[in-house]
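Asker: Got a structure for you, written out below as structure tokens; questions coming shortly.
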Amino acid sequence: MTPRAAGGQRPPSMADVAALAGVSHQTVSRVLNDHALVRPETRERVQVAMQQLGYRRNAAARALATNRSGLIGLVAAHLGLHGPGMISVAVQDAAHAAGYAVAQVGLAELDERSLRRDVDRLLDQAVEAVVVAVAQRAALDTVAALDLPVPVVLVQGVVPGQPMAAGIDQGTGGRLATGHLLDVVDRRGAVAHVAGPEDWVEAQMRREGWRAELEARGVAPGPLLEGDWSARSGYEAGLRLAADPDVAGVFVGNDAMALGLLRALHEQGRRVPEDVAVVGFDDAPESAYAWPPLSTVRQDFAALGRRAVDLAVRTLDGEVGATVPLVPPELVVRTSSTPTG
């Protein structure tokens, strides 16, 4: 029988481990902290005792002993959308690979009071750094004014060269999509854009990429409509664009809106891509199975997560004003913009 009864309610303690291993409480602590001054046979005996008891170290106690919690905080919003959801997963995967656990809060509201409250919740857990994944201008301004006692890394609404920020090059993504459409339609009509909400920085960057590529080619912009990232808003935009015979291409701000737009064009008798070529943004898993399969701009969320965690770790190691380059997007061409035959 171990020092902890099999039917006991309390979890095994460090004292239980010490009693079973026949060592002192201090020796168990040294083993847990990987102290060099522990004989190999003693270390093994303690580790066997921990395994037999199912002992798991108390994170709060570890933080007190080492002044490091091994915990990164993640503040995220709109997790039901493909992009924000994938960013959350990517940051967690990268943190775990770097030896950190993640404490996440999902923002239901983006006002200053809610943001401060949720960041305080993370600080109460002794997080060593905070990664912020919000894309609205007002929320980003609030984050900048928080003056937190731990490093803060932004992963949305990021511009090139911005310190403590990891992002995907949204402007280049918009230019890639628009340039491809201009090549396909070859001046037989206008290239329109269905943008995301105006208060989203990344929607603005994609819109600016659309405009910049049109200007560089000397082409007048087609209609600009705004959606809310949903397939329904894309469908409604598609109905309006289907009624415009001058529209020969559409760059859509995300894949969900693009799927709605494809349905609207089909219902109105506009063939894709023969009459209207379409490119989305995100490369969501279902995009390859749309009809026709959707051309899109792929975002490397895994690389984004790794760069965000790398910034946090470098800062914790003493680097000041660390920067990383933006993650380049990739154009994925499918049938919605290029006929198969």
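FYI, nothing fancy with the structure tokens labels: chains A, B, ... in order, residues from 1 per chain, ligands from 1 as they appear.
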Apply DSSP to the structure's backbone, then extract all residues of segment 77-272 of chain A labelled helix (DSSP H, G or I) and return them as a count of residues only.

Answerer: 95

Asker: Using only C-alpha atoms, which protein or nucleic acid residues come within 12 Å of Arg306 of chain A? Drop anything in the same chain fewer than 5 positions from it, and give the result as a VMD selection string.

Answerer: chain A and resid 87 to 98 131 153 155 165 to 167 300 to 301 311 to 313 324 326 to 327

Asker: So that I can check the surroundings of Leu123 of chain A, please list as a PyMOL selection string every protein, DNA and RNA residue that reaches within 12 Å of it, counting only C-alpha atoms and ignoring chain neighbours fewer than 5 positions away.

Answerer: chain A and resi 69+71-75+103-105+116-118+128-130+148-152

Asker: I'd like to know which residues of segment 252-296 of chain A are strand (DSSP E) (by DSSP, run on the backbone); could you write them as an MDAnalysis selection string?

Answerer: chainID A and resid 252 277:279 296

Asker: Would you mind listing, for every residue of segment 48-157 of chain A within 12 Å of segment 262-283 of chain A, the two atoms forming the shortest contact and the distance between them in Å to one decimal, using only C-alpha atoms, sorted by chain and ascending residue number, as a Markdown table?

Answerer:
```
| residue | atom | partner | partner_atom | distance |
| --- | --- | --- | --- | --- |
| A:Leu81 | CA | A:Asp282 | CA | 10.6 |
| A:His82 | CA | A:Asp282 | CA | 7.8 |
| A:Gly83 | CA | A:Asp282 | CA | 6.9 |
| A:Pro84 | CA | A:Asp282 | CA | 10.7 |
| A:Gly85 | CA | A:Asp282 | CA | 11.7 |
| A:Met86 | CA | A:Asp282 | CA | 10.0 |
| A:Ile87 | CA | A:Asp282 | CA | 11.5 |
```

Asker: Have a look at atom CA of Glu330 of chain A and atom CA of His180 of chain A and let me know their distance in Å, one decimal.

Answerer: 11.8 Å

Asker: Quick one: of A:Ala135, A:Met257, A:Met50, A:Gln162, who's nearest to Ala19 of chain A, counting only C-alpha atoms?

Answerer: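 Among the listed residues, the smallest separation from Ala19 of chain A belongs to A:Met50.
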
Asker: Set the distance at 9 Å and use only C-alpha atoms: which residues neighbour Gln136 of chain A once local chain neighbours fewer than 4 positions away are removed? I'd like the list as a PyMOL selection string.

Answerer: chain A and resi 110+140-141+156-157+198-202

Asker: For the selection you just gave me, I'd like the residues written to a file as a PDB file, in the first residue's frame, keeping C-alpha atoms.

Answerer:
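Result file part_13.pdb:
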```
ATOM      1  CA  LEU A 110     -14.463  43.799 -28.144  1.00  0.00           C
ATOM      2  CA  LEU A 140      -5.876  46.857 -31.464  1.00  0.00           C
ATOM      3  CA  ASP A 141      -5.746  50.456 -30.186  1.00  0.00           C
ATOM      4  CA  GLN A 156      -3.602  40.085 -36.805  1.00  0.00           C
ATOM      5  CA  GLY A 157      -3.730  43.548 -38.345  1.00  0.00           C
ATOM      6  CA  GLU A 198     -14.559  47.887 -42.861  1.00  0.00           C
ATOM      7  CA  ASP A 199     -13.426  47.870 -39.220  1.00  0.00           C
ATOM      8  CA  TRP A 200     -11.272  44.758 -39.754  1.00  0.00           C
ATOM      9  CA  VAL A 201      -7.679  45.767 -40.473  1.00  0.00           C
ATOM     10  CA  GLU A 202      -7.007  42.646 -42.519  1.00  0.00           C
TER      11      GLU A 202
END
```

Asker: Hey, what's within 12 Å of segment 231-234 of chain A if we count only C-alpha atoms and toss same-chain stuff fewer than 5 positions away? As a PyMOL selection string, please?

Answerer: chain A and resi 81+193-197+225-226+239-242+250-265+278+280

Asker: Contacts of Gly54 of chain A at 10 Å or less, counting only C-alpha atoms, minus same-chain residues fewer than 6 places along, as an NGL selection string?

Answerer: :A and (11-13 or 17 or 48)
